[in-house]
>>> print(open('data-v1.txt').read())   # compact mmCIF, C-alpha atoms
# COMPACT_ATOMS: atom_id res chain seq x y z
CA MET Y 73 51.45 -21.33 45.55
CA ASP Y 74 53.37 -23.91 47.51
CA ASN Y 75 50.28 -24.56 49.61
CA LEU Y 76 48.18 -25.14 46.51
CA ALA Y 77 50.72 -27.60 45.10
CA SER Y 78 50.76 -29.64 48.28
CA GLU Y 79 46.96 -29.60 48.39
CA ASN Y 80 46.80 -30.97 44.85
CA LEU Y 81 49.35 -33.61 45.82
CA ALA Y 82 47.17 -34.60 48.78
CA TRP Y 83 44.17 -35.06 46.48
CA ILE Y 84 46.24 -37.17 44.10
CA VAL Y 85 47.46 -39.34 46.99
CA LEU Y 86 43.91 -39.68 48.33
CA PHE Y 87 42.38 -40.79 45.05
CA GLY Y 88 45.36 -42.96 44.19
CA HIS Y 89 44.92 -44.89 47.41
CA ILE Y 90 41.17 -45.11 46.86
CA ALA Y 91 41.88 -46.57 43.40
CA ILE Y 92 44.26 -49.10 45.00
CA ILE Y 93 41.59 -50.04 47.56
CA VAL Y 94 38.89 -50.48 44.91
CA ALA Y 95 41.12 -52.55 42.64
CA GLY Y 96 42.28 -54.70 45.56
CA GLY Y 97 38.71 -55.21 46.74
CA PHE Y 98 37.56 -56.45 43.36
CA ILE Y 99 40.58 -58.75 43.03
CA THR Y 100 39.84 -60.14 46.51
CA VAL Y 101 36.25 -60.92 45.71
CA LEU Y 102 36.33 -61.99 42.07
CA SER Y 103 39.66 -63.75 41.60
CA GLU Y 104 39.39 -67.47 40.96
CA SER Y 105 42.58 -68.45 42.72
CA LEU Y 106 42.51 -67.94 46.47
CA VAL Y 107 46.18 -66.99 46.58
CA ARG Y 108 45.51 -64.19 44.11
CA ALA Y 109 42.51 -63.15 46.19
CA LEU Y 110 44.79 -62.93 49.22
CA MET Y 111 47.18 -60.74 47.23
CA GLY Y 112 44.22 -58.49 46.42
CA LEU Y 113 43.41 -58.31 50.13
CA ILE Y 114 47.00 -57.30 50.87
CA LEU Y 115 46.73 -54.58 48.21
CA THR Y 116 43.59 -53.28 49.91
CA LEU Y 117 45.29 -53.36 53.31
CA PHE Y 118 48.19 -51.29 51.97
CA GLY Y 119 45.72 -48.83 50.47
CA VAL Y 120 43.94 -48.43 53.82
CA ALA Y 121 47.32 -48.01 55.54
CA GLY Y 122 48.10 -45.24 53.05
CA LEU Y 123 44.82 -43.52 53.96
CA PHE Y 124 45.81 -43.77 57.64
CA PHE Y 125 49.10 -42.06 56.82
CA LEU Y 126 47.20 -39.39 54.91
CA MET Y 127 44.98 -38.84 57.96
CA ALA Y 128 48.12 -37.91 59.93
CA ALA Y 129 48.13 -41.13 61.94
CA PRO Y 130 51.39 -42.81 60.95
CA PHE Y 131 51.44 -45.01 64.04
CA ILE Y 132 48.10 -46.61 63.15
CA GLY Y 133 49.22 -46.97 59.53
CA LEU Y 134 52.34 -48.82 60.63
CA MET Y 135 50.27 -50.97 62.98
CA GLN Y 136 47.95 -51.75 60.08
CA ILE Y 137 50.88 -52.97 58.00
CA LEU Y 138 52.38 -54.86 60.94
CA ILE Y 139 49.21 -56.58 62.15
CA TYR Y 140 47.19 -57.06 58.99
CA VAL Y 141 49.83 -57.53 56.31
CA GLY Y 142 52.37 -59.11 58.64
CA ALA Y 143 50.20 -61.37 60.78
CA VAL Y 144 46.62 -61.78 59.55
CA SER Y 145 47.58 -62.29 55.89
CA VAL Y 146 50.16 -64.89 56.84
CA LEU Y 147 47.53 -66.67 58.94
CA ILE Y 148 45.10 -66.67 56.01
CA PHE Y 149 47.86 -67.95 53.77
CA PHE Y 150 48.40 -70.81 56.20
CA ALA Y 151 44.67 -71.45 56.10
CA ILE Y 152 44.77 -71.67 52.29
CA MET Y 153 47.78 -73.96 52.41
CA LEU Y 154 46.61 -76.28 55.17
CA THR Y 155 43.07 -76.77 53.91
CA ASN Y 156 44.14 -77.73 50.36
CA ALA Y 157 41.95 -75.03 48.94
CA TRP Y 158 43.30 -75.23 45.44
CA PRO Y 159 43.24 -78.78 44.06
CA GLY Y 160 40.07 -79.18 42.08
CA GLY Y 161 39.73 -75.42 42.06
CA ASP Y 162 37.19 -74.78 44.77
CA GLU Y 163 36.55 -71.29 43.50
CA SER Y 164 36.65 -72.09 39.79
CA GLY Y 165 33.74 -73.33 37.71
CA ASN Y 166 30.62 -71.39 36.96
CA ILE Y 167 28.63 -69.93 39.80
CA SER Y 168 24.86 -70.00 39.52
CA GLY Y 169 23.28 -66.78 38.35
CA LYS Y 170 20.87 -66.73 41.29
CA LYS Y 171 23.78 -66.57 43.72
CA VAL Y 172 25.37 -63.66 41.87
CA ILE Y 173 22.08 -61.75 41.91
CA PHE Y 174 21.63 -62.39 45.64
CA ALA Y 175 25.19 -61.29 46.34
CA ILE Y 176 24.75 -58.07 44.36
CA LEU Y 177 21.43 -57.32 46.05
CA ALA Y 178 22.87 -57.97 49.51
CA SER Y 179 25.79 -55.67 48.85
CA ILE Y 180 23.75 -52.89 47.26
CA ALA Y 181 21.29 -52.63 50.18
CA PRO Y 182 23.82 -51.27 52.74
CA ALA Y 183 25.39 -49.17 49.99
CA VAL Y 184 22.11 -47.37 49.37
CA PHE Y 185 21.09 -46.90 53.01
CA LEU Y 186 24.46 -46.10 54.54
CA GLY Y 187 25.62 -44.15 51.50
CA SER Y 188 22.58 -41.86 51.51
CA ALA Y 189 22.89 -41.46 55.29
CA ALA Y 190 26.58 -40.59 54.99
CA LEU Y 191 25.89 -38.12 52.21
CA ARG Y 192 22.97 -36.43 53.92
CA THR Y 193 24.20 -36.16 57.49
CA ALA Y 194 27.87 -35.45 56.87
CA PRO Y 195 29.25 -33.09 59.51
CA PRO Y 196 31.73 -30.44 58.37
CA SER Y 197 35.17 -31.98 58.42
CA ILE Y 198 38.64 -30.68 59.14
CA PHE Y 199 40.74 -30.40 56.02
CA VAL Y 200 44.14 -30.91 57.67
CA PRO Y 201 44.01 -33.38 60.57
CA GLU Y 202 46.43 -32.98 63.44
CA GLU Y 203 48.94 -35.62 64.31
CA THR Y 204 48.66 -37.21 67.73
CA GLU Y 205 51.83 -38.15 69.52
CA VAL Y 206 52.30 -41.83 70.29
CA ARG Y 207 53.06 -40.82 73.86
CA GLU Y 208 49.62 -39.26 74.14
CA LEU Y 209 48.02 -42.36 72.69
CA GLY Y 210 49.85 -44.56 75.20
CA ARG Y 211 48.73 -42.36 78.08
CA PHE Y 212 45.19 -42.51 76.70
CA PHE Y 213 45.29 -46.28 76.73
CA LEU Y 214 46.84 -46.59 80.17
CA GLU Y 215 44.80 -44.02 82.06
CA PRO Y 216 41.15 -43.51 81.00
CA TYR Y 217 40.76 -46.46 78.64
CA ILE Y 218 42.69 -49.17 80.43
CA LEU Y 219 39.71 -51.56 80.50
CA PRO Y 220 39.40 -52.02 76.68
CA PHE Y 221 43.17 -52.29 76.50
CA GLU Y 222 43.22 -55.12 79.02
CA LEU Y 223 40.16 -56.73 77.44
CA ILE Y 224 41.93 -56.84 74.08
CA SER Y 225 44.88 -58.66 75.61
CA LEU Y 226 42.47 -61.05 77.33
CA LEU Y 227 40.65 -61.61 74.02
CA LEU Y 228 43.92 -62.37 72.23
CA THR Y 229 44.97 -64.82 74.94
CA VAL Y 230 41.61 -66.59 74.88
CA ALA Y 231 41.62 -66.75 71.08
CA MET Y 232 45.13 -68.21 71.07
CA ALA Y 233 44.28 -70.80 73.74
CA GLY Y 234 41.02 -71.63 71.97
CA ALA Y 235 42.79 -72.15 68.66
CA VAL Y 236 45.34 -74.49 70.25
CA ILE Y 237 42.63 -76.45 72.09
CA LEU Y 238 40.45 -76.78 68.97
CA VAL Y 239 43.20 -78.35 66.91
CA PHE Y 240 44.70 -80.37 69.78
CA GLU Y 241 41.39 -81.94 70.83
CA ARG Y 242 40.84 -83.30 67.34
CA ARG Y 243 44.26 -84.88 67.22
CA LYS Y 244 43.79 -86.62 70.57
CA LYS Y 245 40.57 -88.33 69.47
CA LYS Y 246 42.17 -90.03 66.49
CA MET B 271 31.29 -33.23 49.49
CA SER B 272 33.56 -33.08 52.53
CA ILE B 273 36.65 -35.22 52.94
CA LEU B 274 34.98 -37.15 55.75
CA THR B 275 32.24 -38.23 53.33
CA ILE B 276 34.84 -39.52 50.87
CA TYR B 277 36.45 -41.63 53.59
CA HIS B 278 33.05 -42.89 54.71
CA LEU B 279 32.12 -43.83 51.16
CA VAL B 280 35.36 -45.82 50.86
CA ALA B 281 34.50 -47.59 54.12
CA ILE B 282 30.99 -48.34 52.85
CA PHE B 283 32.50 -49.69 49.63
CA LEU B 284 34.69 -52.04 51.69
CA LEU B 285 31.62 -53.18 53.67
CA CYS B 286 29.59 -53.82 50.52
CA ILE B 287 32.30 -55.68 48.67
CA GLY B 288 32.96 -57.74 51.80
CA ILE B 289 29.29 -58.74 51.99
CA PHE B 290 29.37 -59.53 48.27
CA GLY B 291 32.43 -61.74 48.82
CA ILE B 292 30.86 -63.57 51.76
CA ILE B 293 27.85 -64.55 49.66
CA TYR B 294 29.66 -65.05 46.34
CA ARG B 295 32.58 -67.18 47.55
CA ARG B 296 32.15 -70.90 47.90
CA THR B 297 35.04 -71.80 50.19
CA LEU B 298 35.39 -70.77 53.82
CA VAL B 299 38.76 -69.14 53.10
CA GLY B 300 37.10 -66.82 50.59
CA ILE B 301 34.51 -65.92 53.23
CA VAL B 302 37.31 -65.08 55.67
CA LEU B 303 38.75 -62.69 53.09
CA GLY B 304 35.39 -60.94 52.88
CA ILE B 305 35.25 -60.61 56.67
CA GLU B 306 38.71 -59.03 56.71
CA LEU B 307 37.57 -56.47 54.13
CA ILE B 308 34.59 -55.53 56.30
CA LEU B 309 36.74 -55.15 59.42
CA ASN B 310 39.15 -52.93 57.52
CA GLY B 311 36.30 -50.72 56.41
CA ALA B 312 35.16 -50.44 60.03
CA GLY B 313 38.62 -49.36 61.15
CA LEU B 314 38.88 -46.81 58.36
CA SER B 315 35.47 -45.36 59.19
CA ILE B 316 36.21 -45.05 62.93
CA MET B 317 39.56 -43.48 62.23
CA ALA B 318 38.22 -40.91 59.73
CA SER B 319 35.36 -39.98 62.03
CA ALA B 320 37.78 -39.09 64.81
CA GLN B 321 40.62 -37.53 62.83
CA LEU B 322 38.56 -35.25 60.62
CA THR B 323 36.07 -33.94 63.20
CA PRO B 324 36.71 -32.12 66.51
CA THR B 325 36.45 -35.46 68.38
CA PRO B 326 39.65 -36.25 70.31
CA ASN B 327 42.03 -38.00 67.95
CA GLU B 328 43.05 -40.60 70.52
CA LEU B 329 39.54 -42.06 70.55
CA GLY B 330 39.64 -42.93 66.86
CA GLN B 331 43.16 -44.28 67.02
CA ALA B 332 42.26 -46.42 70.02
CA GLY B 333 39.16 -47.64 68.19
CA ALA B 334 41.17 -48.57 65.12
CA LEU B 335 43.69 -50.44 67.27
CA VAL B 336 40.87 -52.34 69.03
CA VAL B 337 39.41 -53.31 65.66
CA MET B 338 42.84 -54.59 64.59
CA GLY B 339 43.16 -56.62 67.79
CA ILE B 340 39.74 -58.15 67.24
CA ALA B 341 40.66 -58.95 63.63
CA ALA B 342 43.85 -60.69 64.76
CA ALA B 343 42.00 -62.76 67.37
CA GLU B 344 39.31 -63.61 64.84
CA ALA B 345 41.83 -64.70 62.23
CA THR B 346 43.54 -66.99 64.76
CA LEU B 347 40.29 -68.70 65.71
CA LEU B 348 39.13 -68.95 62.11
CA LEU B 349 42.36 -70.69 61.13
CA ALA B 350 41.79 -73.28 63.87
CA ILE B 351 38.14 -73.76 62.88
CA LEU B 352 39.13 -74.12 59.22
CA LEU B 353 41.67 -76.80 60.14
CA VAL B 354 39.09 -78.77 62.14
CA VAL B 355 36.47 -78.43 59.40
CA SER B 356 38.86 -79.49 56.65
CA LYS B 357 39.90 -82.56 58.64
CA ARG B 358 36.31 -83.54 59.38
CA PHE B 359 34.67 -82.88 56.03
CA LYS B 360 37.71 -83.22 53.73
CA SER B 361 36.61 -79.95 52.15
CA VAL B 362 36.14 -76.32 53.07
CA GLU B 363 33.21 -75.56 50.78
CA ALA B 364 30.48 -73.77 52.67
CA GLY B 365 27.70 -75.60 50.83
CA LYS B 366 28.98 -79.02 51.89
CA LEU B 367 28.90 -78.35 55.62
CA VAL B 368 25.43 -79.67 56.20
CA THR B 369 25.84 -81.29 59.60
CA MET B 370 27.11 -79.81 62.82
CA ARG B 371 28.13 -83.16 64.32
CA GLY B 372 31.54 -84.37 63.30
>>> encode(input="data-v1.txt", output="structure tokens")
Amino acid sequence: MDNLASENLAWIVLFGHIAIIVAGGFITVLSESLVRALMGLILTLFGVAGLFFLMAAPFIGLMQILIYVGAVSVLIFFAIMLTNAWPGGDESGNISGKKVIFAILASIAPAVFLGSAALRTAPPSIFVPEETEVRELGRFFLEPYILPFELISLLLTVAMAGAVILVFERRKKK
Amino acid sequence: MSILTIYHLVAIFLLCIGIFGIIYRRTLVGIVLGIELILNGAGLSIMASAQLTPTPNELGQAGALVVMGIAAAEATLLLAILLVVSKRFKSVEAGKLVTMRG
């Protein structure tokens, strides 16, 4: 009885988060104001973090909130602010019907192919995933998979240096 | 329908709506939002594939973390590129960027 109640609760949590993700996705794509679109993106990110928690990976869920909501969203907000995206309403005004049709077609194509593939070739899945200890994950990163770990740090360093150089170069030429 | 399929369908939804946003949006910032949606879907898909099948869980978690690192690096560079573009063209509308030379 108790097991059944917790199973129902898990389904409710799952579909609640999926609803949050869907709503956030549509706000992100369709909202006229870019700041509102960013808020929709943050909603989606929280929904995905909730799904990570539901998959018994709280560490990744927390990392999702820390990196995406805490860092990437702030960066995008700076991008909105520094590029003056709102005066004149870059995203407002009517969009040509041809563009909407192209966008819908381009988004339906992967939905049909990947969706049918995912439905047809789905392997049997575990109902209750096991939690992995963070210690195990750290050992995994430092022993067999140390190369991707180091490459990610290299990538972040290069991206940071590249960003600084891009903006700095422009200022020097003026 | 297994749980894994539900997670995969959510990931495919994120991919599709990201592609829709990339084409539908007119400003570069809107396109960046679409790219973030796609990357999130990728992370969710990798994670579900490892957690809900007999694959070692660490693989999926490591994959999700790598995707997050790539997204962070990408957002940093895109911010810099957006700044340069907005200084050069006085606008960040994708349709107005018709020349590659500044």
>>> closest_residue(input="data-v1.txt", among="Y:Asn75, Y:Ile114, Y:Gln136, Y:Phe131", to="Gly210 (chain Y)", atoms="all atoms listed in the file")
Y:Phe131
>>> closest_residue(input="data-v1.txt", among="Y:Gly119, Y:Gly169, Y:Gly88, Y:Gly97", to="chain B", atoms="all atoms listed in the file")
Y:Gly97
>>> atom_distance(input="data-v1.txt", atom1="CA of Phe240 (chain Y)", atom2="CA of Val354 (chain B)")
9.6 Å
>>> closest_residue(input="data-v1.txt", among="B:Val337, B:Leu349, B:Ala342, B:Ala320", to="His278 (chain B)", atoms="all atoms listed in the file")
B:Ala320
>>> atom_distance(input="data-v1.txt", atom1="CA of Ser319 (chain B)", atom2="CA of Leu285 (chain B)")
16.1 Å
>>> residues_around(input="data-v1.txt", residues="Leu367 (chain B)", least_positions_apart="4", cutoff="12 Å", atoms="all atoms listed in the file", output="PyMOL selection string")
chain B and resi 296-298+352+355-356+358-363+371-372
>>> closest_residue(input="data-v1.txt", among="Y:Ala109, Y:Ala82, Y:Ile198, Y:Ala91", to="chain B", atoms="all atoms listed in the file")
Y:Ile198
>>> residues_around(input="data-v1.txt", residues="region 141-152 of chain Y", least_positions_apart="2", cutoff="8 Å", atoms="only C-alpha atoms", output="NGL selection string")
(:Y and (106-107 or 110 or 114 or 117-118 or 136-139 or 154-158)) or (:B and (299 or 302 or 341-342 or 345-346 or 349 or 352-353))
>>> closest_residue(input="data-v1.txt", among="B:Ile308, B:Thr325, B:Ala343, B:Tyr277", to="chain Y", atoms="only C-alpha atoms")
B:Ala343
>>> atom_distance(input="data-v1.txt", atom1="CA of Gly112 (chain Y)", atom2="CA of Val239 (chain Y)")
28.6 Å
>>> residues_around(input="data-v1.txt", residues="Leu309 (chain B)", least_positions_apart="6", cutoff="10 Å", atoms="only C-alpha atoms", output="MDAnalysis selection string")
chainID B and resid 281 284:285 288 315 334 337:338 340:341
>>> residues_around(input="data-v1.txt", residues="Ala183 (chain Y)", least_positions_apart="3", cutoff="12 Å", atoms="only C-alpha atoms", output="VMD selection string")
(chain Y and resid 176 to 180 186 to 191) or (chain B and resid 278 to 290)
>>> write_last_selection(input="data-v1.txt", atoms="C-alpha atoms", output="mmCIF file, in the coordinates of the input")
data_model
loop_
_atom_site.group_PDB
_atom_site.id
_atom_site.type_symbol
_atom_site.label_atom_id
_atom_site.label_comp_id
_atom_site.auth_asym_id
_atom_site.auth_seq_id
_atom_site.Cartn_x
_atom_site.Cartn_y
_atom_site.Cartn_z
ATOM 1 C CA ILE Y 176 24.750 -58.070 44.360
ATOM 2 C CA LEU Y 177 21.430 -57.320 46.050
ATOM 3 C CA ALA Y 178 22.870 -57.970 49.510
ATOM 4 C CA SER Y 179 25.790 -55.670 48.850
ATOM 5 C CA ILE Y 180 23.750 -52.890 47.260
ATOM 6 C CA LEU Y 186 24.460 -46.100 54.540
ATOM 7 C CA GLY Y 187 25.620 -44.150 51.500
ATOM 8 C CA SER Y 188 22.580 -41.860 51.510
ATOM 9 C CA ALA Y 189 22.890 -41.460 55.290
ATOM 10 C CA ALA Y 190 26.580 -40.590 54.990
ATOM 11 C CA LEU Y 191 25.890 -38.120 52.210
ATOM 12 C CA HIS B 278 33.050 -42.890 54.710
ATOM 13 C CA LEU B 279 32.120 -43.830 51.160
ATOM 14 C CA VAL B 280 35.360 -45.820 50.860
ATOM 15 C CA ALA B 281 34.500 -47.590 54.120
ATOM 16 C CA ILE B 282 30.990 -48.340 52.850
ATOM 17 C CA PHE B 283 32.500 -49.690 49.630
ATOM 18 C CA LEU B 284 34.690 -52.040 51.690
ATOM 19 C CA LEU B 285 31.620 -53.180 53.670
ATOM 20 C CA CYS B 286 29.590 -53.820 50.520
ATOM 21 C CA ILE B 287 32.300 -55.680 48.670
ATOM 22 C CA GLY B 288 32.960 -57.740 51.800
ATOM 23 C CA ILE B 289 29.290 -58.740 51.990
ATOM 24 C CA PHE B 290 29.370 -59.530 48.270
#
>>> build_atoms(input="data-v1.txt", residues="region 302-318 of chain B", atoms="N, CA and C atoms", output="PDB file, in the frame of the given file")
ATOM      1  N   VAL B 302      36.430 -65.778  54.724  1.00  0.00           N
ATOM      2  CA  VAL B 302      37.310 -65.080  55.670  1.00  0.00           C
ATOM      3  C   VAL B 302      37.880 -63.817  55.039  1.00  0.00           C
ATOM      4  N   LEU B 303      38.220 -63.884  53.769  1.00  0.00           N
ATOM      5  CA  LEU B 303      38.750 -62.690  53.090  1.00  0.00           C
ATOM      6  C   LEU B 303      37.711 -61.568  53.087  1.00  0.00           C
ATOM      7  N   GLY B 304      36.446 -61.944  52.846  1.00  0.00           N
ATOM      8  CA  GLY B 304      35.390 -60.940  52.880  1.00  0.00           C
ATOM      9  C   GLY B 304      35.257 -60.300  54.256  1.00  0.00           C
ATOM     10  N   ILE B 305      35.364 -61.138  55.311  1.00  0.00           N
ATOM     11  CA  ILE B 305      35.250 -60.610  56.670  1.00  0.00           C
ATOM     12  C   ILE B 305      36.385 -59.629  56.954  1.00  0.00           C
ATOM     13  N   GLU B 306      37.587 -59.951  56.477  1.00  0.00           N
ATOM     14  CA  GLU B 306      38.710 -59.030  56.710  1.00  0.00           C
ATOM     15  C   GLU B 306      38.468 -57.689  56.025  1.00  0.00           C
ATOM     16  N   LEU B 307      37.883 -57.741  54.817  1.00  0.00           N
ATOM     17  CA  LEU B 307      37.570 -56.470  54.130  1.00  0.00           C
ATOM     18  C   LEU B 307      36.615 -55.630  54.957  1.00  0.00           C
ATOM     19  N   ILE B 308      35.581 -56.275  55.521  1.00  0.00           N
ATOM     20  CA  ILE B 308      34.590 -55.530  56.300  1.00  0.00           C
ATOM     21  C   ILE B 308      35.241 -54.904  57.524  1.00  0.00           C
ATOM     22  N   LEU B 309      36.104 -55.687  58.209  1.00  0.00           N
ATOM     23  CA  LEU B 309      36.740 -55.150  59.420  1.00  0.00           C
ATOM     24  C   LEU B 309      37.634 -53.973  59.085  1.00  0.00           C
ATOM     25  N   ASN B 310      38.300 -54.047  57.929  1.00  0.00           N
ATOM     26  CA  ASN B 310      39.150 -52.930  57.520  1.00  0.00           C
ATOM     27  C   ASN B 310      38.332 -51.687  57.275  1.00  0.00           C
ATOM     28  N   GLY B 311      37.168 -51.868  56.633  1.00  0.00           N
ATOM     29  CA  GLY B 311      36.300 -50.720  56.410  1.00  0.00           C
ATOM     30  C   GLY B 311      35.855 -50.106  57.720  1.00  0.00           C
ATOM     31  N   ALA B 312      35.564 -50.958  58.725  1.00  0.00           N
ATOM     32  CA  ALA B 312      35.160 -50.440  60.030  1.00  0.00           C
ATOM     33  C   ALA B 312      36.274 -49.602  60.644  1.00  0.00           C
ATOM     34  N   GLY B 313      37.500 -50.123  60.586  1.00  0.00           N
ATOM     35  CA  GLY B 313      38.620 -49.360  61.150  1.00  0.00           C
ATOM     36  C   GLY B 313      38.809 -48.031  60.453  1.00  0.00           C
ATOM     37  N   LEU B 314      38.701 -48.058  59.125  1.00  0.00           N
ATOM     38  CA  LEU B 314      38.880 -46.810  58.360  1.00  0.00           C
ATOM     39  C   LEU B 314      37.815 -45.791  58.725  1.00  0.00           C
ATOM     40  N   SER B 315      36.573 -46.263  58.867  1.00  0.00           N
ATOM     41  CA  SER B 315      35.470 -45.360  59.190  1.00  0.00           C
ATOM     42  C   SER B 315      35.657 -44.734  60.571  1.00  0.00           C
ATOM     43  N   ILE B 316      36.009 -45.556  61.564  1.00  0.00           N
ATOM     44  CA  ILE B 316      36.210 -45.050  62.930  1.00  0.00           C
ATOM     45  C   ILE B 316      37.310 -43.997  62.935  1.00  0.00           C
ATOM     46  N   MET B 317      38.402 -44.349  62.251  1.00  0.00           N
ATOM     47  CA  MET B 317      39.560 -43.480  62.230  1.00  0.00           C
ATOM     48  C   MET B 317      39.237 -42.126  61.581  1.00  0.00           C
ATOM     49  N   ALA B 318      38.548 -42.161  60.426  1.00  0.00           N
ATOM     50  CA  ALA B 318      38.220 -40.910  59.730  1.00  0.00           C
ATOM     51  C   ALA B 318      37.277 -40.075  60.570  1.00  0.00           C
TER      52      ALA B 318
END
